[in-house]
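Asker: Contents are mmCIF, C-alpha atoms and all ligand atoms; file name my_file13.cif:
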data_start
loop_
_atom_site.group_PDB
_atom_site.id
_atom_site.type_symbol
_atom_site.label_atom_id
_atom_site.label_comp_id
_atom_site.auth_asym_id
_atom_site.auth_seq_id
_atom_site.Cartn_x
_atom_site.Cartn_y
_atom_site.Cartn_z
ATOM 1 C CA MET A 1 204.646 21.020 -177.296
ATOM 2 C CA ILE A 2 206.974 18.257 -178.449
ATOM 3 C CA ILE A 3 209.317 16.724 -175.870
ATOM 4 C CA ALA A 4 212.444 15.243 -177.451
ATOM 5 C CA ARG A 5 214.834 13.208 -175.338
ATOM 6 C CA THR A 6 217.183 11.968 -178.052
ATOM 7 C CA ILE A 7 219.186 13.831 -180.678
ATOM 8 C CA SER A 8 217.377 12.113 -183.535
ATOM 9 C CA ASP A 9 213.953 12.953 -182.031
ATOM 10 C CA MET A 10 215.093 16.538 -181.555
ATOM 11 C CA ARG A 11 216.182 16.886 -185.176
ATOM 12 C CA ALA A 12 213.061 15.110 -186.455
ATOM 13 C CA ALA A 13 210.783 17.441 -184.452
ATOM 14 C CA VAL A 14 212.286 20.587 -185.971
ATOM 15 C CA ASN A 15 212.385 19.066 -189.467
ATOM 16 C CA THR A 16 208.696 18.090 -189.283
ATOM 17 C CA LEU A 17 207.650 21.541 -188.057
ATOM 18 C CA LYS A 18 209.759 23.186 -190.770
ATOM 19 C CA GLN A 19 208.164 21.045 -193.482
ATOM 20 C CA GLN A 20 204.657 21.780 -192.166
ATOM 21 C CA GLN A 21 205.393 25.509 -192.190
ATOM 22 C CA ILE A 22 206.886 25.441 -195.677
ATOM 23 C CA ALA A 23 203.783 23.597 -196.892
ATOM 24 C CA ALA A 24 201.661 26.337 -195.291
ATOM 25 C CA GLY A 25 203.655 29.037 -197.106
ATOM 26 C CA ILE A 26 205.625 30.113 -194.017
ATOM 27 C CA VAL A 27 209.398 30.623 -194.224
ATOM 28 C CA PRO A 28 210.523 28.749 -191.091
ATOM 29 C CA SER A 29 213.069 30.100 -188.625
ATOM 30 C CA VAL A 30 214.298 28.418 -185.453
ATOM 31 C CA GLY A 31 214.755 30.329 -182.189
ATOM 32 C CA PHE A 32 216.732 28.494 -179.504
ATOM 33 C CA VAL A 33 216.993 29.006 -175.737
ATOM 34 C CA PRO A 34 219.601 26.807 -174.021
ATOM 35 C CA THR A 35 219.145 26.453 -170.240
ATOM 36 C CA MET A 36 219.996 24.238 -167.282
ATOM 37 C CA GLY A 37 216.358 24.175 -166.157
ATOM 38 C CA TYR A 38 214.721 25.111 -162.852
ATOM 39 C CA LEU A 39 213.174 27.797 -164.969
ATOM 40 C CA HIS A 40 212.172 31.239 -163.761
ATOM 41 C CA GLU A 41 210.969 34.500 -165.294
ATOM 42 C CA GLY A 42 214.481 35.212 -166.634
ATOM 43 C CA HIS A 43 214.293 32.042 -168.721
ATOM 44 C CA ALA A 44 210.664 32.845 -169.585
ATOM 45 C CA SER A 45 211.736 36.198 -171.038
ATOM 46 C CA LEU A 46 214.111 34.346 -173.386
ATOM 47 C CA MET A 47 211.433 31.811 -174.363
ATOM 48 C CA ARG A 48 209.031 34.657 -175.169
ATOM 49 C CA ALA A 49 211.708 36.475 -177.175
ATOM 50 C CA ALA A 50 212.342 33.283 -179.170
ATOM 51 C CA LYS A 51 208.727 33.463 -180.367
ATOM 52 C CA ASP A 52 210.090 36.004 -182.893
ATOM 53 C CA CYS A 53 210.976 32.862 -184.825
ATOM 54 C CA SER A 54 208.373 30.541 -186.311
ATOM 55 C CA ILE A 55 209.700 27.582 -184.279
ATOM 56 C CA SER A 56 210.975 27.942 -180.712
ATOM 57 C CA VAL A 57 213.184 25.338 -179.076
ATOM 58 C CA LEU A 58 214.148 25.159 -175.398
ATOM 59 C CA SER A 59 216.868 22.854 -174.103
ATOM 60 C CA ILE A 60 217.163 21.805 -170.483
ATOM 61 C CA PHE A 61 220.457 20.160 -169.657
ATOM 62 C CA VAL A 62 222.544 20.459 -166.517
ATOM 63 C CA ASN A 63 225.882 20.276 -168.279
ATOM 64 C CA PRO A 64 228.364 18.459 -166.011
ATOM 65 C CA ILE A 65 231.466 19.615 -167.878
ATOM 66 C CA GLN A 66 230.899 23.272 -167.016
ATOM 67 C CA PHE A 67 230.992 22.591 -163.257
ATOM 68 C CA GLY A 68 234.265 22.453 -161.328
ATOM 69 C CA PRO A 69 234.989 19.552 -158.944
ATOM 70 C CA ASN A 70 233.904 21.507 -155.844
ATOM 71 C CA GLU A 71 230.894 23.224 -157.382
ATOM 72 C CA ASP A 72 227.168 22.564 -157.057
ATOM 73 C CA LEU A 73 226.556 20.019 -159.849
ATOM 74 C CA ASP A 74 225.104 17.427 -157.444
ATOM 75 C CA ARG A 75 222.759 19.823 -155.702
ATOM 76 C CA TYR A 76 221.813 21.933 -158.745
ATOM 77 C CA PRO A 77 218.006 22.349 -158.440
ATOM 78 C CA ARG A 78 215.802 20.412 -160.867
ATOM 79 C CA ASP A 79 212.040 20.276 -161.468
ATOM 80 C CA GLU A 80 211.207 18.878 -164.871
ATOM 81 C CA ALA A 81 207.429 18.922 -164.440
ATOM 82 C CA ARG A 82 207.348 22.585 -163.450
ATOM 83 C CA ASP A 83 209.800 23.500 -166.219
ATOM 84 C CA LEU A 84 207.605 21.838 -168.842
ATOM 85 C CA GLN A 85 204.569 23.733 -167.547
ATOM 86 C CA LEU A 86 206.345 27.087 -167.842
ATOM 87 C CA ALA A 87 207.710 26.202 -171.286
ATOM 88 C CA GLU A 88 204.202 25.345 -172.445
ATOM 89 C CA GLN A 89 202.837 28.622 -171.055
ATOM 90 C CA CYS A 90 205.531 30.498 -172.986
ATOM 91 C CA GLY A 91 204.479 28.801 -176.214
ATOM 92 C CA VAL A 92 207.660 26.758 -176.735
ATOM 93 C CA ASP A 93 207.275 24.325 -179.640
ATOM 94 C CA VAL A 94 210.000 21.787 -178.832
ATOM 95 C CA VAL A 95 211.790 20.977 -175.563
ATOM 96 C CA PHE A 96 215.059 19.070 -175.797
ATOM 97 C CA LEU A 97 215.724 17.130 -172.596
ATOM 98 C CA PRO A 98 218.824 15.003 -173.113
ATOM 99 C CA THR A 99 220.580 12.955 -170.440
ATOM 100 C CA VAL A 100 224.314 13.160 -169.809
ATOM 101 C CA ASP A 101 224.746 9.858 -171.706
ATOM 102 C CA ILE A 102 222.961 11.279 -174.736
ATOM 103 C CA MET A 103 225.131 14.407 -174.814
ATOM 104 C CA TYR A 104 228.395 12.679 -173.894
ATOM 105 C CA PRO A 105 228.039 9.031 -174.981
ATOM 106 C CA SER A 106 231.740 8.171 -175.095
ATOM 107 C CA ALA A 107 235.015 9.663 -173.983
ATOM 108 C CA ARG A 108 234.946 13.068 -175.632
ATOM 109 C CA LYS A 109 238.113 14.146 -177.383
ATOM 110 C CA THR A 110 237.009 17.589 -178.568
ATOM 111 C CA THR A 111 236.766 20.736 -176.486
ATOM 112 C CA ILE A 112 235.902 24.180 -177.774
ATOM 113 C CA GLN A 113 238.021 26.788 -176.069
ATOM 114 C CA VAL A 114 237.620 30.519 -176.562
ATOM 115 C CA THR A 115 240.749 32.206 -175.266
ATOM 116 C CA ASP A 116 241.144 35.710 -173.851
ATOM 117 C CA VAL A 117 237.465 36.693 -173.446
ATOM 118 C CA SER A 118 237.006 33.687 -171.169
ATOM 119 C CA ALA A 119 240.173 34.338 -169.153
ATOM 120 C CA ARG A 120 238.885 36.933 -166.673
ATOM 121 C CA LEU A 121 235.884 37.200 -164.328
ATOM 122 C CA CYS A 122 234.104 33.830 -164.034
ATOM 123 C CA GLY A 123 236.764 32.246 -166.262
ATOM 124 C CA ALA A 124 239.415 33.085 -163.687
ATOM 125 C CA SER A 125 237.313 31.965 -160.694
ATOM 126 C CA ARG A 126 235.953 28.836 -162.368
ATOM 127 C CA PRO A 127 238.791 27.247 -164.397
ATOM 128 C CA GLY A 128 237.444 25.234 -167.321
ATOM 129 C CA HIS A 129 233.903 26.589 -166.901
ATOM 130 C CA PHE A 130 233.728 28.343 -170.261
ATOM 131 C CA ASP A 131 235.310 25.395 -172.088
ATOM 132 C CA GLY A 132 232.372 23.371 -170.790
ATOM 133 C CA VAL A 133 229.901 26.055 -171.830
ATOM 134 C CA THR A 134 231.261 26.573 -175.348
ATOM 135 C CA THR A 135 231.590 22.834 -175.943
ATOM 136 C CA VAL A 136 227.994 22.103 -174.968
ATOM 137 C CA VAL A 137 226.623 25.171 -176.758
ATOM 138 C CA ALA A 138 228.480 24.217 -179.956
ATOM 139 C CA LYS A 139 226.998 20.707 -179.702
ATOM 140 C CA LEU A 140 223.517 22.118 -179.069
ATOM 141 C CA PHE A 141 223.863 24.500 -182.025
ATOM 142 C CA ASN A 142 224.762 21.535 -184.237
ATOM 143 C CA ILE A 143 221.817 19.517 -182.921
ATOM 144 C CA VAL A 144 219.151 22.252 -183.004
ATOM 145 C CA LYS A 145 220.534 24.296 -185.942
ATOM 146 C CA PRO A 146 218.949 27.554 -184.784
ATOM 147 C CA ASP A 147 218.739 30.756 -186.791
ATOM 148 C CA ARG A 148 218.690 32.799 -183.605
ATOM 149 C CA ALA A 149 219.904 31.822 -180.121
ATOM 150 C CA TYR A 150 218.769 33.785 -177.069
ATOM 151 C CA PHE A 151 221.043 34.374 -174.068
ATOM 152 C CA GLY A 152 220.545 36.459 -170.929
ATOM 153 C CA MET A 153 222.826 39.369 -170.122
ATOM 154 C CA LYS A 154 222.719 38.035 -166.547
ATOM 155 C CA ASP A 155 225.646 35.951 -167.820
ATOM 156 C CA ALA A 156 227.226 38.780 -169.814
ATOM 157 C CA GLN A 157 230.613 37.106 -170.121
ATOM 158 C CA GLN A 158 228.880 34.013 -171.502
ATOM 159 C CA VAL A 159 227.285 36.213 -174.194
ATOM 160 C CA ALA A 160 230.712 37.673 -175.092
ATOM 161 C CA VAL A 161 232.371 34.243 -175.158
ATOM 162 C CA ILE A 162 229.646 32.635 -177.261
ATOM 163 C CA GLN A 163 229.547 35.560 -179.694
ATOM 164 C CA GLN A 164 233.326 35.160 -180.102
ATOM 165 C CA MET A 165 232.916 31.419 -180.760
ATOM 166 C CA VAL A 166 230.159 32.071 -183.315
ATOM 167 C CA ASP A 167 232.347 34.635 -185.100
ATOM 168 C CA ASP A 168 235.503 32.507 -185.010
ATOM 169 C CA LEU A 169 233.852 29.262 -186.124
ATOM 170 C CA ASN A 170 231.346 30.784 -188.577
ATOM 171 C CA PHE A 171 228.233 29.379 -186.947
ATOM 172 C CA ASP A 172 225.444 30.504 -189.244
ATOM 173 C CA LEU A 173 223.206 32.076 -186.609
ATOM 174 C CA THR A 174 222.535 35.286 -184.700
ATOM 175 C CA ILE A 175 223.108 35.604 -180.957
ATOM 176 C CA VAL A 176 220.370 37.676 -179.331
ATOM 177 C CA PRO A 177 221.354 39.110 -175.927
ATOM 178 C CA CYS A 178 218.331 39.684 -173.645
ATOM 179 C CA PRO A 179 218.060 42.012 -170.609
ATOM 180 C CA ILE A 180 218.483 40.829 -167.011
ATOM 181 C CA VAL A 181 215.169 40.045 -165.308
ATOM 182 C CA ARG A 182 215.049 40.982 -161.615
ATOM 183 C CA GLU A 183 212.851 40.407 -158.574
ATOM 184 C CA GLN A 184 210.851 43.466 -157.598
ATOM 185 C CA ASP A 185 213.442 44.403 -155.001
ATOM 186 C CA GLY A 186 216.245 44.213 -157.592
ATOM 187 C CA LEU A 187 217.834 40.787 -157.006
ATOM 188 C CA ALA A 188 218.687 39.250 -160.386
ATOM 189 C CA LEU A 189 216.670 36.063 -160.910
ATOM 190 C CA SER A 190 218.787 32.922 -160.763
ATOM 191 C CA SER A 191 218.045 29.224 -160.312
ATOM 192 C CA ARG A 192 220.609 29.392 -157.495
ATOM 193 C CA ASN A 193 218.584 31.931 -155.475
ATOM 194 C CA VAL A 194 216.698 28.997 -153.884
ATOM 195 C CA TYR A 195 219.873 28.111 -152.020
ATOM 196 C CA LEU A 196 219.799 31.399 -150.054
ATOM 197 C CA CYS A 197 218.501 31.480 -146.472
ATOM 198 C CA ALA A 198 216.403 34.512 -145.478
ATOM 199 C CA GLU A 199 219.344 36.449 -144.104
ATOM 200 C CA GLU A 200 221.535 35.755 -147.152
ATOM 201 C CA ARG A 201 218.658 36.677 -149.460
ATOM 202 C CA GLU A 202 218.259 40.017 -147.718
ATOM 203 C CA GLN A 203 221.972 40.831 -147.774
ATOM 204 C CA ALA A 204 222.292 39.713 -151.416
ATOM 205 C CA LEU A 205 220.272 42.795 -152.348
ATOM 206 C CA VAL A 206 223.477 44.758 -151.933
ATOM 207 C CA LEU A 207 224.603 43.549 -155.382
ATOM 208 C CA SER A 208 221.839 45.217 -157.381
ATOM 209 C CA GLN A 209 221.870 48.210 -155.010
ATOM 210 C CA ALA A 210 225.601 48.700 -155.541
ATOM 211 C CA LEU A 211 225.127 48.529 -159.317
ATOM 212 C CA GLN A 212 222.226 50.972 -159.116
ATOM 213 C CA SER A 213 224.305 53.452 -157.119
ATOM 214 C CA ILE A 214 226.830 53.872 -159.946
ATOM 215 C CA ASP A 215 224.942 56.604 -161.838
ATOM 216 C CA ALA A 216 224.819 58.896 -158.819
ATOM 217 C CA LEU A 217 228.446 58.126 -157.979
ATOM 218 C CA LEU A 218 229.688 59.022 -161.446
ATOM 219 C CA GLU A 219 227.581 62.147 -161.446
ATOM 220 C CA GLN A 220 228.938 63.315 -158.098
ATOM 221 C CA HIS A 221 232.539 62.268 -158.835
ATOM 222 C CA PRO A 222 233.148 62.525 -162.586
ATOM 223 C CA SER A 223 236.877 61.955 -162.152
ATOM 224 C CA LEU A 224 236.387 58.386 -160.820
ATOM 225 C CA THR A 225 238.523 55.815 -162.634
ATOM 226 C CA ALA A 226 237.638 52.161 -163.091
ATOM 227 C CA ALA A 227 239.884 51.292 -160.135
ATOM 228 C CA ASP A 228 238.175 53.918 -157.932
ATOM 229 C CA LEU A 229 234.772 52.508 -158.801
ATOM 230 C CA VAL A 230 235.936 48.994 -157.935
ATOM 231 C CA THR A 231 237.084 50.245 -154.524
ATOM 232 C CA VAL A 232 233.801 52.007 -153.769
ATOM 233 C CA LEU A 233 231.751 48.965 -154.830
ATOM 234 C CA GLN A 234 233.918 46.631 -152.752
ATOM 235 C CA GLU A 235 233.362 48.877 -149.726
ATOM 236 C CA THR A 236 229.599 48.904 -150.308
ATOM 237 C CA ILE A 237 229.389 45.123 -150.697
ATOM 238 C CA THR A 238 231.529 44.352 -147.653
ATOM 239 C CA THR A 239 229.168 46.334 -145.412
ATOM 240 C CA LYS A 240 227.126 43.098 -145.541
ATOM 241 C CA PRO A 241 228.792 40.623 -143.182
ATOM 242 C CA LEU A 242 227.669 37.529 -145.121
ATOM 243 C CA ALA A 243 229.090 38.798 -148.438
ATOM 244 C CA LYS A 244 232.430 37.296 -149.491
ATOM 245 C CA ILE A 245 233.630 38.938 -152.696
ATOM 246 C CA ASP A 246 234.926 36.709 -155.493
ATOM 247 C CA TYR A 247 235.443 39.602 -157.922
ATOM 248 C CA VAL A 248 234.387 43.165 -158.584
ATOM 249 C CA GLU A 249 235.671 44.300 -161.973
ATOM 250 C CA VAL A 250 235.155 47.125 -164.414
ATOM 251 C CA LEU A 251 236.125 46.125 -167.955
ATOM 252 C CA GLN A 252 235.443 47.058 -171.548
ATOM 253 C CA PHE A 253 232.551 45.149 -173.068
ATOM 254 C CA PRO A 254 232.407 42.882 -175.014
ATOM 255 C CA SER A 255 236.212 42.587 -175.302
ATOM 256 C CA LEU A 256 236.559 42.272 -171.501
ATOM 257 C CA GLN A 257 239.854 44.144 -171.663
ATOM 258 C CA PRO A 258 240.808 46.388 -168.713
ATOM 259 C CA GLN A 259 239.990 50.079 -168.775
ATOM 260 C CA LEU A 260 242.807 52.606 -169.078
ATOM 261 C CA THR A 261 244.041 53.073 -165.524
ATOM 262 C CA ASN A 262 244.137 56.870 -165.224
ATOM 263 C CA GLU A 263 241.220 57.766 -167.432
ATOM 264 C CA PRO A 264 238.032 58.984 -165.761
ATOM 265 C CA LEU A 265 235.475 56.272 -166.404
ATOM 266 C CA VAL A 266 232.942 58.728 -167.830
ATOM 267 C CA GLN A 267 235.373 59.437 -170.690
ATOM 268 C CA SER A 268 235.351 55.793 -171.768
ATOM 269 C CA GLN A 269 235.239 55.364 -175.541
ATOM 270 C CA THR A 270 233.678 51.907 -175.280
ATOM 271 C CA GLN A 271 230.854 50.222 -173.480
ATOM 272 C CA VAL A 272 231.886 49.205 -169.979
ATOM 273 C CA ILE A 273 230.716 46.303 -167.845
ATOM 274 C CA VAL A 274 230.669 46.405 -164.070
ATOM 275 C CA ALA A 275 230.679 42.740 -163.079
ATOM 276 C CA LEU A 276 230.245 41.266 -159.596
ATOM 277 C CA ALA A 277 230.566 37.751 -158.203
ATOM 278 C CA VAL A 278 229.920 37.392 -154.492
ATOM 279 C CA HIS A 279 229.458 34.384 -152.214
ATOM 280 C CA PHE A 280 226.660 34.376 -149.637
ATOM 281 C CA GLY A 281 227.249 31.255 -147.580
ATOM 282 C CA ARG A 282 227.695 28.390 -150.061
ATOM 283 C CA THR A 283 225.929 30.294 -152.840
ATOM 284 C CA ARG A 284 227.851 32.263 -155.435
ATOM 285 C CA LEU A 285 225.807 35.013 -157.087
ATOM 286 C CA ILE A 286 226.733 37.095 -160.126
ATOM 287 C CA ASP A 287 225.296 40.362 -161.367
ATOM 288 C CA ASN A 288 226.431 43.081 -163.737
ATOM 289 C CA ARG A 289 225.584 46.326 -165.396
ATOM 290 C CA LEU A 290 226.580 47.834 -168.713
ATOM 291 C CA LEU A 291 227.530 51.506 -168.670
ATOM 292 C CA PHE A 292 227.489 53.863 -171.632
ATOM 293 C CA ALA A 293 225.395 51.299 -173.530
HETATM 294 P P1 LIG A 301 220.953 28.878 -166.909
HETATM 295 O O1 LIG A 301 219.775 27.966 -166.830
HETATM 296 O O2 LIG A 301 221.316 29.519 -165.612
HETATM 297 O O3 LIG A 301 222.132 28.256 -167.627
HETATM 298 O O4 LIG A 301 220.505 30.095 -167.828
HETATM 299 C C1 LIG A 301 220.002 29.877 -169.110
HETATM 300 C C2 LIG A 301 219.863 31.192 -169.815
HETATM 301 O O5 LIG A 301 218.970 32.020 -169.079
HETATM 302 C C3 LIG A 301 221.182 31.960 -169.934
HETATM 303 O O6 LIG A 301 221.248 32.590 -171.206
HETATM 304 C C4 LIG A 301 221.068 32.966 -168.817
HETATM 305 O O7 LIG A 301 221.828 34.132 -169.031
HETATM 306 C C5 LIG A 301 219.586 33.275 -168.852
HETATM 307 N N1 LIG A 301 219.170 33.856 -167.578
HETATM 308 C C6 LIG A 301 219.358 33.352 -166.339
HETATM 309 N N2 LIG A 301 218.899 34.215 -165.404
HETATM 310 C C7 LIG A 301 218.429 35.296 -166.076
HETATM 311 C C8 LIG A 301 217.848 36.543 -165.686
HETATM 312 N N3 LIG A 301 217.654 36.860 -164.402
HETATM 313 N N4 LIG A 301 217.496 37.403 -166.660
HETATM 314 C C9 LIG A 301 217.699 37.120 -167.969
HETATM 315 N N5 LIG A 301 218.233 35.971 -168.399
HETATM 316 C C10 LIG A 301 218.600 35.069 -167.471
#
Could you spell out this file's structure in structure tokens?
Answerer:
Amino acid sequence: MIIARTISDMRAAVNTLKQQQIAAGIVPSVGFVPTMGYLHEGHASLMRAAKDCSISVLSIFVNPIQFGPNEDLDRYPRDEARDLQLAEQCGVDVVFLPTVDIMYPSARKTTIQVTDVSARLCGASRPGHFDGVTTVVAKLFNIVKPDRAYFGMKDAQQVAVIQQMVDDLNFDLTIVPCPIVREQDGLALSSRNVYLCAEEREQALVLSQALQSIDALLEQHPSLTAADLVTVLQETITTKPLAKIDYVEVLQFPSLQPQLTNEPLVQSQTQVIVALAVHFGRTRLIDNRLLFA
């Protein structure tokens, strides 16, 4: 596994592997998994999926410009040695590990902003977050030049925003959305789960449980509208005293437009996302589920 810490080393690594593969009669393709590190099985599932390509590239970069001033940039968990071990086990060919100075060497004057899709959900709660995400992902795409880029549906809005950017700016690559990986009890894996104390961890289970309960709810009450479902989910989540809701929303996916107000949800003509963001103590967790997928 090649470890590249500069942009030129990163490009050289992929170019060398491509040339070797061409010489061996292989048509090379580059699969890319961008992450912020502190890797877990969710990230591992993306790294394994990227093995569909002949060259797999993982980036680990805690991107400061996607964090708000009062967010957890300073305490974001990091463990480079463990990350490299997991990457190696997953068969990653190249790991890109830039510093902040490498990614943002001088005062940056360009920001990529996807409007509309990034306005709601996490975009509303975390102003500027998606500008930071799209800007760094565009830079990483230009550095790595992937054919396929793998993103987790854990961050479903991120998938929608990045797909929009790729379409609007004609990036010559395919976005591959990958399913949410969960703990056995249902909690969606997240690097931020390490922040949770035992009591928060136990109560956080309400997120996946609430999402799981939707099938039965819609079956028993087929006239439920999007707004009704939001109310029921809010009631379920607030039974846990440590849960402080940021948002509970039911929207069309991937447009992230609101559902028709009076229409029973089961009659939806489009895919629907049920998206949750809930604070447990200082930790903000997100989870979601696609309906009618
Ligand atoms: P992060 O390191 O949190 O920026 O995540 C990097 C990538 O891993 C993103 O595409 C995430 O959506 C994805 N990811 C994070 N957690 C999970 C999970 N539990 N299941 C699937 N993908 C995930």
Asker: Taking only C-alpha atoms into account, produce a table as a Markdown table in which each residue of range 74-128 of chain A with an atom at most 6 Å from an atom of range 35-44 of chain A appears once, together with its shortest atom pair and the distance in Å to one decimal, ordered by chain and rising number.
Answerer:
| residue | atom | partner | partner_atom | distance |
| --- | --- | --- | --- | --- |
| A:Arg78 | CA | A:Tyr38 | CA | 5.2 |
| A:Asp79 | CA | A:Tyr38 | CA | 5.7 |
| A:Asp83 | CA | A:Leu39 | CA | 5.6 |
Asker: Could you write out as a count of residues only the residues that the PyMOL selection byres (((not hetatm)) within 7 of (chain A and resi 301)) matches in the shown file?
Answerer: 25
Asker: At a cut-off of 6 Å, using all atoms listed in the file, what residues contact range 123-139 of chain A? Leave out same-chain residues fewer than 2 positions from it and give the result as a PyMOL selection string.
Answerer: chain A and resi 65-66+111-113+118-121+141-142
Asker: Given only C-alpha atoms as the basis, pick out the residue of A:Leu218, A:Val114, A:Ile7, A:Ala156 nearest to Leu140 in chain A.
Answerer: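 With only C-alpha atoms as the atom set, the closest residue is A:Ile7.
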Asker: What residues come out when you apply the PyMOL selection byres (((chain A and resi 252) around 12) and not hetatm) to this file, written as JSON, numbers by chain?
Answerer: {"A": [117, 120, 156, 157, 160, 226, 249, 250, 251, 253, 254, 255, 256, 257, 258, 259, 260, 265, 268, 269, 270, 271, 272, 273, 274, 275, 289, 290, 291, 292, 293]}
Asker: Using all atoms listed in the file for the distances, tell me which of A:Ala227, A:Leu97, A:Leu276, A:Ile175 is nearest to Ala204 in chain A.
Answerer: A:Leu276
Asker: Under the PyMOL selection byres (((chain A and resi 21-29) around 7) and not hetatm), which residues of this model are included? Write them out as a compact mmCIF listing (two decimals) with C-alpha atoms, in the frame of the given file.
Answerer:
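result_34.txt, freshly written:
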# COMPACT_ATOMS: atom_id res chain seq x y z
CA LEU A 17 207.65 21.54 -188.06
CA LYS A 18 209.76 23.19 -190.77
CA GLN A 19 208.16 21.04 -193.48
CA GLN A 20 204.66 21.78 -192.17
CA VAL A 30 214.30 28.42 -185.45
CA GLY A 31 214.76 30.33 -182.19
CA CYS A 53 210.98 32.86 -184.82
CA SER A 54 208.37 30.54 -186.31
CA ILE A 55 209.70 27.58 -184.28
CA ASP A 147 218.74 30.76 -186.79
Asker: Could you work out an axis-aligned box for range 167-175 of chain A, taking every atom the file lists and adding 8 Å on each side, and report centre and edge lengths in Å to one decimal, as JSON?
Answerer:
{"center_x": 229.0, "center_y": 32.4, "center_z": -185.1, "size_x": 29.0, "size_y": 22.3, "size_z": 24.3}
Asker: Can you tell me which residues surround Arg5 in chain A at a distance of at most 7 Å, considering all atoms listed in the file, apart from same-chain residues fewer than 3 positions away, and format the answer as a list in words?
Answerer: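 Skipping anything fewer than 3 positions along the chain leaves Asp9, Phe96, Leu97 and Pro98 of chain A.
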Asker: Output C-alpha atoms for every residue in the selection just made, as an mmCIF file, keeping the file's coordinate frame.
Answerer:
data_model
loop_
_atom_site.group_PDB
_atom_site.id
_atom_site.type_symbol
_atom_site.label_atom_id
_atom_site.label_comp_id
_atom_site.auth_asym_id
_atom_site.auth_seq_id
_atom_site.Cartn_x
_atom_site.Cartn_y
_atom_site.Cartn_z
ATOM 1 C CA ASP A 9 213.953 12.953 -182.031
ATOM 2 C CA PHE A 96 215.059 19.070 -175.797
ATOM 3 C CA LEU A 97 215.724 17.130 -172.596
ATOM 4 C CA PRO A 98 218.824 15.003 -173.113
#
Asker: Please indicate the distance in Å from CA of Gln85 in chain A to CA of Met10 in chain A, rounded to one decimal place.
Answerer: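 CA of Gln85 in chain A sits 18.9 Å away from CA of Met10 in chain A.
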Asker: Per residue of range 102-220 of chain A within 10 Å of range 233-244 of chain A, record the nearest atom pair and its distance in Å to one decimal, counting all atoms listed in the file, with rows in chain order and ascending residue number, as CSV.
Answerer:
residue,atom,partner,partner_atom,distance
A:Glu199,CA,A:Leu242,CA,8.5
A:Glu200,CA,A:Leu242,CA,6.7
A:Glu202,CA,A:Lys240,CA,9.6
A:Gln203,CA,A:Lys240,CA,6.1
A:Ala204,CA,A:Ala243,CA,7.5
A:Leu205,CA,A:Ile237,CA,9.6
A:Val206,CA,A:Ile237,CA,6.1
A:Leu207,CA,A:Ile237,CA,6.9
A:Gln209,CA,A:Thr236,CA,9.1
A:Ala210,CA,A:Leu233,CA,6.2
A:Leu211,CA,A:Leu233,CA,8.0
A:Ser213,CA,A:Leu233,CA,9.0
A:Ile214,CA,A:Leu233,CA,8.6
